[in-house]
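Student: Have a peek at work35.json (JSON, C-alpha atoms and all ligand atoms).
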[["chain", "number", "residue", "atom", "x", "y", "z"],
["M", 6, "MET", "CA", 92.30, 124.59, 120.46],
["M", 7, "GLN", "CA", 96.08, 124.46, 120.95],
["M", 8, "GLU", "CA", 95.60, 123.48, 124.58],
["M", 9, "LYS", "CA", 93.33, 120.57, 123.60],
["M", 10, "ILE", "CA", 95.84, 119.46, 120.96],
["M", 11, "GLU", "CA", 98.61, 119.35, 123.58],
["M", 12, "LEU", "CA", 96.39, 117.41, 126.01],
["M", 13, "ILE", "CA", 95.56, 114.83, 123.33],
["M", 14, "LYS", "CA", 99.22, 114.42, 122.41],
["M", 15, "LYS", "CA", 100.13, 113.92, 126.07],
["M", 16, "LEU", "CA", 97.40, 111.30, 126.57],
["M", 17, "LYS", "CA", 98.44, 109.55, 123.37],
["M", 18, "THR", "CA", 101.98, 109.12, 124.67],
["M", 19, "GLU", "CA", 100.86, 108.05, 128.15],
["M", 20, "LYS", "CA", 98.52, 105.39, 126.75],
["M", 21, "ASN", "CA", 100.67, 104.31, 123.80],
["M", 22, "ALA", "CA", 97.84, 105.20, 121.44],
["M", 23, "VAL", "CA", 97.79, 105.96, 117.75],
["M", 24, "ILE", "CA", 95.25, 108.17, 115.99],
["M", 25, "LEU", "CA", 94.24, 107.28, 112.43],
["M", 26, "ALA", "CA", 92.26, 109.91, 110.54],
["M", 27, "HIS", "CA", 90.48, 109.69, 107.21],
["M", 28, "CYS", "CA", 90.92, 112.56, 104.70],
["M", 29, "TYR", "CA", 87.20, 113.35, 104.93],
["M", 30, "GLN", "CA", 87.50, 114.28, 108.62],
["M", 31, "ASN", "CA", 87.38, 117.87, 109.84],
["M", 32, "ALA", "CA", 90.87, 119.16, 108.99],
["M", 33, "GLU", "CA", 91.61, 120.11, 112.65],
["M", 34, "ILE", "CA", 91.86, 116.38, 113.45],
["M", 35, "ASP", "CA", 95.10, 116.26, 111.40],
["M", 36, "GLU", "CA", 96.80, 118.24, 114.21],
["M", 37, "VAL", "CA", 96.67, 115.20, 116.48],
["M", 38, "ALA", "CA", 96.62, 112.36, 113.96],
["M", 39, "ASP", "CA", 99.60, 110.05, 113.46],
["M", 40, "PHE", "CA", 98.38, 109.01, 110.04],
["M", 41, "VAL", "CA", 95.98, 110.76, 107.68],
["M", 42, "GLY", "CA", 94.88, 109.09, 104.48],
["M", 43, "ASP", "CA", 92.34, 107.02, 102.61],
["M", 44, "SER", "CA", 90.89, 103.63, 103.58],
["M", 45, "LEU", "CA", 93.72, 101.60, 102.06],
["M", 46, "TYR", "CA", 96.48, 103.62, 103.69],
["M", 47, "LEU", "CA", 94.75, 103.57, 107.07],
["M", 48, "SER", "CA", 94.15, 99.80, 106.87],
["M", 49, "GLN", "CA", 97.85, 99.32, 106.10],
["M", 50, "GLN", "CA", 98.79, 101.50, 109.08],
["M", 51, "ALA", "CA", 96.33, 99.66, 111.32],
["M", 52, "ALA", "CA", 97.90, 96.36, 110.28],
["M", 53, "LYS", "CA", 101.40, 97.60, 111.20],
["M", 54, "THR", "CA", 100.89, 99.52, 114.42],
["M", 55, "ASP", "CA", 102.42, 98.45, 117.73],
["M", 56, "ALA", "CA", 100.26, 100.86, 119.73],
["M", 57, "ASP", "CA", 98.02, 99.48, 122.49],
["M", 58, "ILE", "CA", 95.09, 101.70, 121.56],
["M", 59, "ILE", "CA", 93.89, 102.73, 118.10],
["M", 60, "VAL", "CA", 91.61, 105.77, 117.96],
["M", 61, "PHE", "CA", 89.87, 105.83, 114.60],
["M", 62, "ALA", "CA", 88.72, 109.22, 113.38],
["M", 63, "GLY", "CA", 86.67, 107.78, 110.55],
["M", 64, "VAL", "CA", 83.47, 105.81, 110.17],
["M", 65, "PHE", "CA", 82.35, 102.58, 111.81],
["M", 66, "PHE", "CA", 83.48, 100.09, 109.14],
["M", 67, "MET", "CA", 87.01, 101.54, 109.30],
["M", 68, "ALA", "CA", 87.24, 101.06, 113.06],
["M", 69, "GLN", "CA", 85.80, 97.57, 112.63],
["M", 70, "THR", "CA", 88.47, 96.77, 110.02],
["M", 71, "ALA", "CA", 91.18, 98.03, 112.39],
["M", 72, "LYS", "CA", 89.79, 95.76, 115.14],
["M", 73, "ILE", "CA", 89.73, 92.73, 112.82],
["M", 74, "LEU", "CA", 93.38, 93.40, 111.98],
["M", 75, "ASN", "CA", 94.23, 93.93, 115.66],
["M", 76, "PRO", "CA", 92.05, 91.62, 117.76],
["M", 77, "ASN", "CA", 94.21, 92.13, 120.87],
["M", 78, "LYS", "CA", 94.27, 95.91, 120.76],
["M", 79, "LYS", "CA", 91.68, 98.36, 121.97],
["M", 80, "VAL", "CA", 90.04, 100.13, 119.01],
["M", 81, "LEU", "CA", 88.04, 103.26, 119.78],
["M", 82, "LEU", "CA", 85.54, 105.19, 117.67],
["M", 83, "PRO", "CA", 85.10, 108.63, 119.29],
["M", 84, "ARG", "CA", 81.49, 109.06, 118.08],
["M", 85, "THR", "CA", 79.27, 106.04, 117.56],
["M", 86, "GLU", "CA", 77.02, 107.96, 115.16],
["M", 87, "SER", "CA", 79.78, 107.74, 112.53],
["M", 88, "GLY", "CA", 78.31, 105.11, 110.24],
["M", 89, "CYS", "CA", 78.51, 104.82, 106.46],
["M", 90, "LEU", "CA", 75.22, 105.00, 104.57],
["M", 91, "MET", "CA", 76.67, 102.97, 101.71],
["M", 92, "ALA", "CA", 77.94, 100.20, 104.00],
["M", 93, "ASP", "CA", 74.47, 100.02, 105.57],
["M", 94, "MET", "CA", 72.89, 99.29, 102.18],
["M", 95, "ILE", "CA", 73.83, 95.61, 102.31],
["M", 96, "ASN", "CA", 73.54, 93.26, 105.26],
["M", 97, "TYR", "CA", 74.39, 89.58, 105.61],
["M", 98, "HIS", "CA", 70.98, 88.36, 104.33],
["M", 99, "GLN", "CA", 70.98, 90.69, 101.34],
["M", 100, "LEU", "CA", 74.48, 89.52, 100.49],
["M", 101, "MET", "CA", 73.47, 85.86, 100.67],
["M", 102, "GLU", "CA", 70.49, 86.58, 98.42],
["M", 103, "PHE", "CA", 72.72, 88.42, 95.91],
["M", 104, "LYS", "CA", 75.23, 85.56, 95.92],
["M", 105, "SER", "CA", 72.51, 82.94, 95.49],
["M", 106, "GLN", "CA", 71.34, 84.74, 92.34],
["M", 107, "HIS", "CA", 74.87, 84.37, 90.89],
["M", 108, "PRO", "CA", 76.23, 81.06, 92.16],
["M", 109, "GLY", "CA", 79.93, 80.28, 91.83],
["M", 110, "ILE", "CA", 81.02, 83.84, 90.96],
["M", 111, "PRO", "CA", 83.85, 85.34, 93.08],
["M", 112, "THR", "CA", 82.68, 88.15, 95.34],
["M", 113, "VAL", "CA", 84.57, 91.41, 95.87],
["M", 114, "CYS", "CA", 83.42, 93.73, 98.62],
["M", 115, "TYR", "CA", 84.35, 97.38, 98.89],
["M", 116, "ILE", "CA", 85.96, 98.08, 102.25],
["M", 117, "ASN", "CA", 82.84, 100.19, 102.92],
["M", 118, "SER", "CA", 80.97, 97.15, 104.24],
["M", 119, "THR", "CA", 80.35, 95.52, 107.59],
["M", 120, "ALA", "CA", 82.48, 92.75, 109.09],
["M", 121, "GLU", "CA", 79.60, 90.29, 108.57],
["M", 122, "VAL", "CA", 79.49, 91.10, 104.87],
["M", 123, "LYS", "CA", 83.29, 90.88, 104.54],
["M", 124, "SER", "CA", 83.20, 87.49, 106.25],
["M", 125, "GLU", "CA", 81.22, 86.06, 103.30],
["M", 126, "CYS", "CA", 83.21, 87.69, 100.48],
["M", 127, "ASP", "CA", 86.33, 86.41, 98.73],
["M", 128, "ILE", "CA", 88.35, 89.60, 98.79],
["M", 129, "CYS", "CA", 88.00, 93.19, 99.83],
["M", 130, "CYS", "CA", 89.10, 96.36, 97.98],
["M", 131, "THR", "CA", 89.28, 100.12, 98.34],
["M", 132, "SER", "CA", 88.87, 102.70, 95.60],
["M", 133, "SER", "CA", 92.71, 102.90, 95.42],
["M", 134, "ASN", "CA", 93.18, 99.26, 94.52],
["M", 135, "ALA", "CA", 89.79, 98.11, 93.13],
["M", 136, "ILE", "CA", 91.09, 97.61, 89.57],
["M", 137, "LYS", "CA", 94.10, 95.63, 90.77],
["M", 138, "ILE", "CA", 91.99, 93.49, 93.11],
["M", 139, "VAL", "CA", 89.35, 92.58, 90.52],
["M", 140, "ASP", "CA", 92.09, 91.89, 87.97],
["M", 141, "SER", "CA", 93.95, 89.68, 90.46],
["M", 142, "LEU", "CA", 91.04, 87.22, 90.47],
["M", 143, "ASN", "CA", 91.59, 86.30, 86.80],
["M", 144, "ALA", "CA", 87.84, 85.73, 86.49],
["M", 145, "ASP", "CA", 85.47, 86.32, 83.56],
["M", 146, "GLU", "CA", 82.88, 87.65, 85.99],
["M", 147, "VAL", "CA", 82.91, 88.99, 89.55],
["M", 148, "LEU", "CA", 80.21, 90.15, 91.94],
["M", 149, "PHE", "CA", 80.94, 93.60, 93.36],
["M", 150, "LEU", "CA", 79.27, 95.27, 96.34],
["M", 151, "PRO", "CA", 77.93, 97.50, 97.71],
["M", 152, "ASP", "CA", 78.92, 100.35, 95.35],
["M", 153, "THR", "CA", 77.49, 99.88, 91.88],
["M", 154, "TYR", "CA", 79.31, 102.97, 90.49],
["M", 155, "LEU", "CA", 82.77, 101.91, 91.63],
["M", 156, "GLY", "CA", 82.10, 98.38, 90.34],
["M", 157, "LYS", "CA", 80.96, 99.58, 86.93],
["M", 158, "TRP", "CA", 83.90, 102.00, 86.71],
["M", 159, "VAL", "CA", 86.27, 99.08, 87.37],
["M", 160, "GLU", "CA", 84.52, 97.05, 84.65],
["M", 161, "LYS", "CA", 85.06, 99.90, 82.18],
["M", 162, "GLN", "CA", 88.78, 100.12, 83.01],
["M", 163, "LEU", "CA", 89.41, 96.38, 82.78],
["M", 164, "ARG", "CA", 87.17, 95.66, 79.75],
["M", 165, "ASN", "CA", 87.74, 91.89, 79.91],
["M", 166, "VAL", "CA", 85.72, 91.10, 83.04],
["M", 167, "LYS", "CA", 82.01, 91.34, 83.68],
["M", 168, "VAL", "CA", 81.37, 93.13, 86.97],
["M", 169, "THR", "CA", 77.91, 92.38, 88.30],
["M", 170, "THR", "CA", 77.13, 94.98, 90.92],
["M", 171, "TYR", "CA", 74.85, 95.28, 93.91],
["M", 172, "PRO", "CA", 72.72, 98.45, 93.73],
["M", 173, "GLY", "CA", 74.45, 100.36, 96.57],
["M", 174, "TYR", "CA", 75.79, 103.89, 96.31],
["M", 175, "CYS", "CA", 77.23, 106.79, 98.27],
["M", 176, "PRO", "CA", 74.54, 109.45, 98.82],
["M", 177, "THR", "CA", 77.21, 112.14, 99.23],
["M", 178, "HIS", "CA", 78.94, 111.46, 95.90],
["M", 179, "LEU", "CA", 75.61, 111.02, 94.10],
["M", 180, "ARG", "CA", 74.75, 114.62, 94.91],
["M", 181, "ILE", "CA", 77.22, 115.58, 92.18],
["M", 182, "LYS", "CA", 75.34, 115.92, 88.88],
["M", 183, "PRO", "CA", 76.73, 116.11, 85.33],
["M", 184, "GLU", "CA", 75.34, 119.65, 85.03],
["M", 185, "ASP", "CA", 77.47, 120.68, 88.03],
["M", 186, "ILE", "CA", 80.58, 119.57, 86.15],
["M", 187, "ILE", "CA", 79.53, 121.37, 82.96],
["M", 188, "GLU", "CA", 78.78, 124.55, 84.90],
["M", 189, "ALA", "CA", 82.09, 124.43, 86.77],
["M", 190, "LYS", "CA", 84.03, 123.78, 83.54],
["M", 191, "ASN", "CA", 82.40, 126.82, 81.94],
["M", 192, "LYS", "CA", 83.24, 128.94, 84.97],
["M", 193, "TYR", "CA", 86.85, 127.68, 85.27],
["M", 194, "PRO", "CA", 87.88, 126.73, 81.71],
["M", 195, "ASP", "CA", 91.55, 126.27, 82.71],
["M", 196, "ALA", "CA", 90.76, 123.86, 85.55],
["M", 197, "GLU", "CA", 90.99, 120.08, 85.39],
["M", 198, "VAL", "CA", 88.11, 118.02, 86.80],
["M", 199, "LEU", "CA", 89.15, 115.30, 89.24],
["M", 200, "ALA", "CA", 86.39, 112.90, 90.30],
["M", 201, "HIS", "CA", 86.01, 109.96, 92.67],
["M", 202, "PRO", "CA", 84.72, 106.67, 91.15],
["M", 203, "GLU", "CA", 81.86, 106.62, 93.69],
["M", 204, "CYS", "CA", 80.31, 109.38, 91.54],
["M", 205, "HIS", "CA", 77.63, 108.53, 88.97],
["M", 206, "LYS", "CA", 79.08, 107.36, 85.63],
["M", 207, "ASN", "CA", 77.59, 110.40, 83.88],
["M", 208, "VAL", "CA", 79.86, 112.47, 86.14],
["M", 209, "THR", "CA", 83.05, 110.40, 85.86],
["M", 210, "GLU", "CA", 82.68, 110.39, 82.09],
["M", 211, "LEU", "CA", 83.08, 114.18, 82.14],
["M", 212, "ALA", "CA", 86.17, 114.17, 84.38],
["M", 213, "ASP", "CA", 89.78, 114.62, 83.25],
["M", 214, "TYR", "CA", 90.93, 112.20, 85.94],
["M", 215, "VAL", "CA", 89.05, 109.59, 87.99],
["M", 216, "GLY", "CA", 90.67, 108.12, 91.07],
["M", 217, "SER", "CA", 90.56, 107.44, 94.77],
["M", 218, "THR", "CA", 91.01, 110.14, 97.40],
["M", 219, "THR", "CA", 94.75, 109.56, 97.38],
["M", 220, "GLY", "CA", 94.77, 109.32, 93.59],
["M", 221, "ILE", "CA", 93.04, 112.70, 93.30],
["M", 222, "MET", "CA", 95.38, 114.33, 95.80],
["M", 223, "ASN", "CA", 98.52, 112.95, 94.16],
["M", 224, "TYR", "CA", 97.30, 113.91, 90.70],
["M", 225, "ALA", "CA", 96.65, 117.51, 91.77],
["M", 226, "ILE", "CA", 99.98, 117.78, 93.62],
["M", 227, "LYS", "CA", 102.02, 116.53, 90.67],
["M", 228, "SER", "CA", 100.12, 118.32, 87.91],
["M", 229, "ASN", "CA", 101.51, 121.47, 86.27],
["M", 230, "LYS", "CA", 98.00, 122.89, 86.21],
["M", 231, "LYS", "CA", 97.04, 125.53, 88.77],
["M", 232, "GLN", "CA", 93.28, 125.01, 89.08],
["M", 233, "PHE", "CA", 91.29, 121.90, 89.90],
["M", 234, "ILE", "CA", 87.58, 121.21, 90.20],
["M", 235, "ILE", "CA", 87.27, 118.52, 92.85],
["M", 236, "ALA", "CA", 84.32, 116.12, 92.59],
["M", 237, "THR", "CA", 84.57, 114.34, 95.90],
["M", 238, "GLU", "CA", 84.15, 115.04, 99.62],
["M", 239, "LYS", "CA", 85.03, 118.52, 100.96],
["M", 240, "GLY", "CA", 87.80, 117.20, 103.25],
["M", 241, "VAL", "CA", 90.00, 116.63, 100.19],
["M", 242, "VAL", "CA", 89.65, 120.27, 99.13],
["M", 243, "ASP", "CA", 90.29, 121.50, 102.69],
["M", 244, "ARG", "CA", 93.58, 119.60, 102.89],
["M", 245, "LEU", "CA", 94.79, 120.44, 99.39],
["M", 246, "SER", "CA", 93.97, 124.14, 99.87],
["M", 247, "ARG", "CA", 95.77, 124.17, 103.22],
["M", 248, "ASP", "CA", 98.91, 122.42, 101.95],
["M", 249, "TYR", "CA", 99.28, 123.75, 98.37],
["M", 250, "LYS", "CA", 98.57, 127.45, 98.50],
["M", 251, "ASP", "CA", 99.98, 128.12, 95.03],
["M", 252, "LYS", "CA", 97.11, 126.12, 93.49],
["M", 253, "LYS", "CA", 93.35, 126.65, 93.49],
["M", 254, "PHE", "CA", 91.03, 123.82, 94.46],
["M", 255, "ILE", "CA", 87.34, 124.28, 93.76],
["M", 256, "LEU", "CA", 84.82, 122.03, 95.51],
["M", 257, "ILE", "CA", 82.30, 121.06, 92.84],
["M", 258, "LYS", "CA", 79.39, 122.06, 95.09],
["M", 259, "ASP", "CA", 79.16, 123.31, 98.69],
["M", 260, "ASN", "CA", 77.13, 120.36, 99.97],
["M", 261, "ILE", "CA", 79.54, 117.54, 99.07],
["M", 262, "ILE", "CA", 80.06, 116.78, 102.74],
["M", 263, "CYS", "CA", 79.67, 113.34, 104.30],
["M", 264, "PRO", "CA", 77.83, 114.13, 107.55],
["M", 265, "ASN", "CA", 78.95, 110.89, 109.16],
["M", 266, "MET", "CA", 82.61, 111.70, 108.60],
["M", 267, "LYS", "CA", 82.24, 115.06, 110.30],
["M", 268, "TRP", "CA", 81.04, 113.92, 113.73],
["M", 269, "HIS", "CA", 84.43, 113.70, 115.40],
["M", 270, "THR", "CA", 85.81, 116.85, 117.03],
["M", 271, "LEU", "CA", 89.00, 117.35, 119.02],
["M", 272, "ASP", "CA", 86.89, 117.16, 122.19],
["M", 273, "ASP", "CA", 85.58, 113.76, 121.10],
["M", 274, "ILE", "CA", 89.09, 112.52, 120.40],
["M", 275, "TYR", "CA", 90.18, 113.71, 123.84],
["M", 276, "ASN", "CA", 87.21, 112.03, 125.53],
["M", 277, "ALA", "CA", 87.81, 108.83, 123.58],
["M", 278, "LEU", "CA", 91.39, 108.66, 124.81],
["M", 279, "GLU", "CA", 90.69, 109.70, 128.35],
["M", 280, "LYS", "CA", 87.66, 107.44, 128.94],
["M", 281, "GLU", "CA", 88.77, 104.80, 126.43],
["M", 282, "GLN", "CA", 85.43, 105.01, 124.64],
["M", 283, "TYR", "CA", 83.72, 103.78, 122.46],
["M", 284, "GLU", "CA", 85.30, 100.42, 122.11],
["M", 285, "ILE", "CA", 84.66, 98.47, 118.89],
["M", 286, "ASN", "CA", 84.44, 94.70, 119.15],
["M", 287, "VAL", "CA", 83.74, 92.10, 116.48],
["M", 288, "ASP", "CA", 82.38, 88.60, 117.03],
["M", 289, "GLU", "CA", 85.39, 86.27, 116.97],
["M", 290, "LYS", "CA", 84.06, 83.87, 114.30],
["M", 291, "ILE", "CA", 83.03, 86.69, 111.97],
["M", 292, "ALA", "CA", 86.32, 88.51, 112.56],
["M", 293, "LYS", "CA", 88.36, 85.44, 111.62],
["M", 294, "LYS", "CA", 86.52, 85.02, 108.32],
["M", 295, "ALA", "CA", 86.55, 88.75, 107.55],
["M", 296, "LEU", "CA", 90.30, 88.84, 108.23],
["M", 297, "ILE", "CA", 90.91, 86.41, 105.35],
["M", 298, "CYS", "CA", 89.04, 88.77, 103.01],
["M", 299, "ILE", "CA", 91.01, 91.83, 104.23],
["M", 300, "ASP", "CA", 94.38, 90.04, 104.32],
["M", 301, "ARG", "CA", 93.96, 88.94, 100.70],
["M", 302, "MET", "CA", 93.52, 92.58, 99.75],
["M", 303, "LEU", "CA", 96.56, 93.71, 101.73],
["M", 304, "GLU", "CA", 98.62, 90.96, 100.13],
["M", 305, "VAL", "CA", 97.62, 91.97, 96.57],
["M", 306, "SER", "CA", 98.19, 95.67, 97.43],
["M", 307, "LYS", "CA", 101.76, 95.25, 98.69],
["M", 401, "LIG", "S1", 81.38, 109.55, 101.79],
["M", 401, "LIG", "FE1", 79.82, 108.00, 101.24],
["M", 401, "LIG", "S2", 80.92, 106.07, 101.20],
["M", 401, "LIG", "FE2", 82.23, 107.56, 102.31],
["M", 401, "LIG", "S3", 81.70, 107.26, 104.48],
["M", 401, "LIG", "FE3", 80.38, 108.89, 103.69],
["M", 401, "LIG", "S4", 78.49, 107.79, 103.06],
["M", 401, "LIG", "FE4", 80.11, 106.24, 103.28]]
In structure tokens, write the structure found in this file.

Tutor:
Amino acid sequence: MQEKIELIKKLKTEKNAVILAHCYQNAEIDEVADFVGDSLYLSQQAAKTDADIIVFAGVFFMAQTAKILNPNKKVLLPRTESGCLMADMINYHQLMEFKSQHPGIPTVCYINSTAEVKSECDICCTSSNAIKIVDSLNADEVLFLPDTYLGKWVEKQLRNVKVTTYPGYCPTHLRIKPEDIIEAKNKYPDAEVLAHPECHKNVTELADYVGSTTGIMNYAIKSNKKQFIIATEKGVVDRLSRDYKDKKFILIKDNIICPNMKWHTLDDIYNALEKEQYEINVDEKIAKKALICIDRMLEVSK
């Protein structure tokens, strides 16, 4: 493995490439990544980079977002199978139908959506900034898609805005059931429960803290507590357990793994760099419109 890591680092320098890795990736990817984080952080890094090549160890919509932000750079997704089941729940036609049912209402799309969908929305958000983004619209009502659970969680936090959601969801986070939380709390009574807002509301209601991937990690790092039950993707537990050995991080259930996030291996990253594959391109017209939606988010998140 060390040999492959060195080869990747060498190629990265030769080709002036940067590797962006999402926290849900296999933890070994961190050894070669320049930036590891959640969707917001990685979008901000993608917007700033002066590299010629961006290798995205994440899922398709993330690489697409990086390409929209960097139309003149080469953006590579090492494994094309890396899609997002939630993002695939709404396409352009379904969006137009949803919008036509609620005319004149501003539309917020979760970053977990395709470029085509972003191109027809007013502003984009991630789970880190969703509250701030919806609030920034100063609207009585917003349309939110595709994740109904994130949208409804935002509505609960803001209280003064109606969030009408599209019925999309993350199949990985929905595997977490309220009874899993109750069982884990009984088993680890001293632990705090930290949950992602993509979880069902019956789960987030039982959590001590609800926040994005970065929010969960920061909360656990800063807390005086020593034990945490983590109700989100396994990659978060892998990284926290690796980096904070004086604390105990318990994954709520063994199967909270996003299969699409786990495709990329070090071999795939190496092949992507060496063969410059698989290049992500976005139709110019769609990219221009989607960029407005993403840029608005980045502006509000500054
Ligand atoms: S965890 Fe859920 S929302 Fe995130 S990439 Fe996987 S399927 Fe998509």

Student: Taking all atoms listed in the file into account, report as a PyMOL selection string which residues have an atom no farther than 9 Å from an atom of ligand LIG 401 (chain M).

Tutor: chain M and resi 29+63-66+87-93+117+152+174-179+203+237-238+261-266

Student: Here is a test: counting only C-alpha atoms, which residue of M:Asp213, M:Asp35, M:Glu8, M:Asp300 is nearest to M:Lys190?

Tutor: M:Asp213

Student: Give the answer as one residue: which of M:Leu142, M:Ala135, M:Cys114, M:Leu74 has the shortest atom-to-atom distance to M:Ser48, using only C-alpha atoms?

Tutor: M:Leu74

Student: Leaving out M:Glu281 and any residue of its chain fewer than 5 positions from it, which residues lie within 12 Å of it when counting only C-alpha atoms, given as a count of residues only?

Tutor: 20

Student: Please determine, counting all atoms listed in the file, which residue among M:Lys53, M:Cys28, M:Pro172, M:Glu289 has the shortest atom-to-atom distance to M:Ile95.

Tutor: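 Among the listed residues, the smallest separation from M:Ile95 belongs to M:Pro172.
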
Student: Determine the nearest neighbour of M:Thr170 from the options M:Thr153, M:Asn260, M:Ser306, M:Thr218, counting all atoms listed in the file.

Tutor: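 So, comparing all the options, the nearest one is M:Thr153.
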
Student: Excluding same-chain residues fewer than 4 positions from M:Gln232, what lies within 8 Å of it counting all atoms listed in the file, as a list in words?

Tutor: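 Non-adjacent residues within range: Tyr193, Asp195, Ala196, Glu197, Lys252, Lys253, Phe254 and Ile255 of chain M.
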
Student: Stretch 250-253 of chain M, all listed atoms, 6 Å padding on each side: what axis-aligned box centre and edge lengths in Å to one decimal come out, as lines of an AutoDock Vina configuration file?

Tutor:
center_x = 96.7
center_y = 127.1
center_z = 96.0
size_x = 18.6
size_y = 14.0
size_z = 17.0

Student: For each of M:Gln49, M:Leu278, M:Val113, M:Lys250, take the minimum atom-to-atom distance to M:Gly156, counting all atoms listed in the file, then give the residue where this is smallest.

Tutor: M:Val113

Student: If you measure from atom CA of M:Asp145 to atom CA of M:Asn96, what distance in Å do you get, rounded to one decimal?

Tutor: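 These two atoms are separated by 25.7 Å.
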
Student: Kindly indicate which residue among M:Leu150, M:Ala51, M:Ala56, M:Leu199 lies nearest to M:Asn21, using all atoms listed in the file for the distances.

Tutor: M:Ala56

Student: Hey, what's within 7 Å of M:Gly216 if we count all atoms listed in the file and toss same-chain stuff fewer than 4 positions away? As a list in words, please?

Tutor: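 So the residues in contact are Ala200, His201, Pro202, Gly220 and Ile221 of chain M.
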
Student: Name the residues within 6 Å of (96.8, 111.9, 102.2), counting all atoms listed in the file in the file's coordinates, and put them as a PDB file with C-alpha atoms, keeping the file's coordinate frame.

Tutor:
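Here's the written file selection.pdb:
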ATOM      1  CA  VAL M  41      95.980 110.760 107.680  1.00  0.00           C
ATOM      2  CA  GLY M  42      94.880 109.090 104.480  1.00  0.00           C
ATOM      3  CA  THR M 219      94.750 109.560  97.380  1.00  0.00           C
TER       4      THR M 219
END

Student: Report the distance between atom CA of M:Thr270 and atom CA of M:Val23 in Å, rounded to one decimal place.

Tutor: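 Distance reported for this atom pair: 16.2 Å.
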
Student: Please list as a PyMOL selection string every residue within 7 Å of stretch 122-124 of chain M, counting only C-alpha atoms and excluding residues in the same chain fewer than 4 positions away.

Tutor: chain M and resi 96-97+100+114+118+291+294-295+298

Student: Separation of atom CA of M:Leu245 and atom CA of M:Gln30, in Å?

Tutor: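 Here the two named atoms are 13.3 Å from each other.
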
Student: Env of M:Ile10: 8 Å cut, atoms = all atoms listed in the file, seq-sep filter 3 positions within chain, self excluded. Answer as a PyMOL selection string.

Tutor: chain M and resi 6-7+13-14+36-37+271
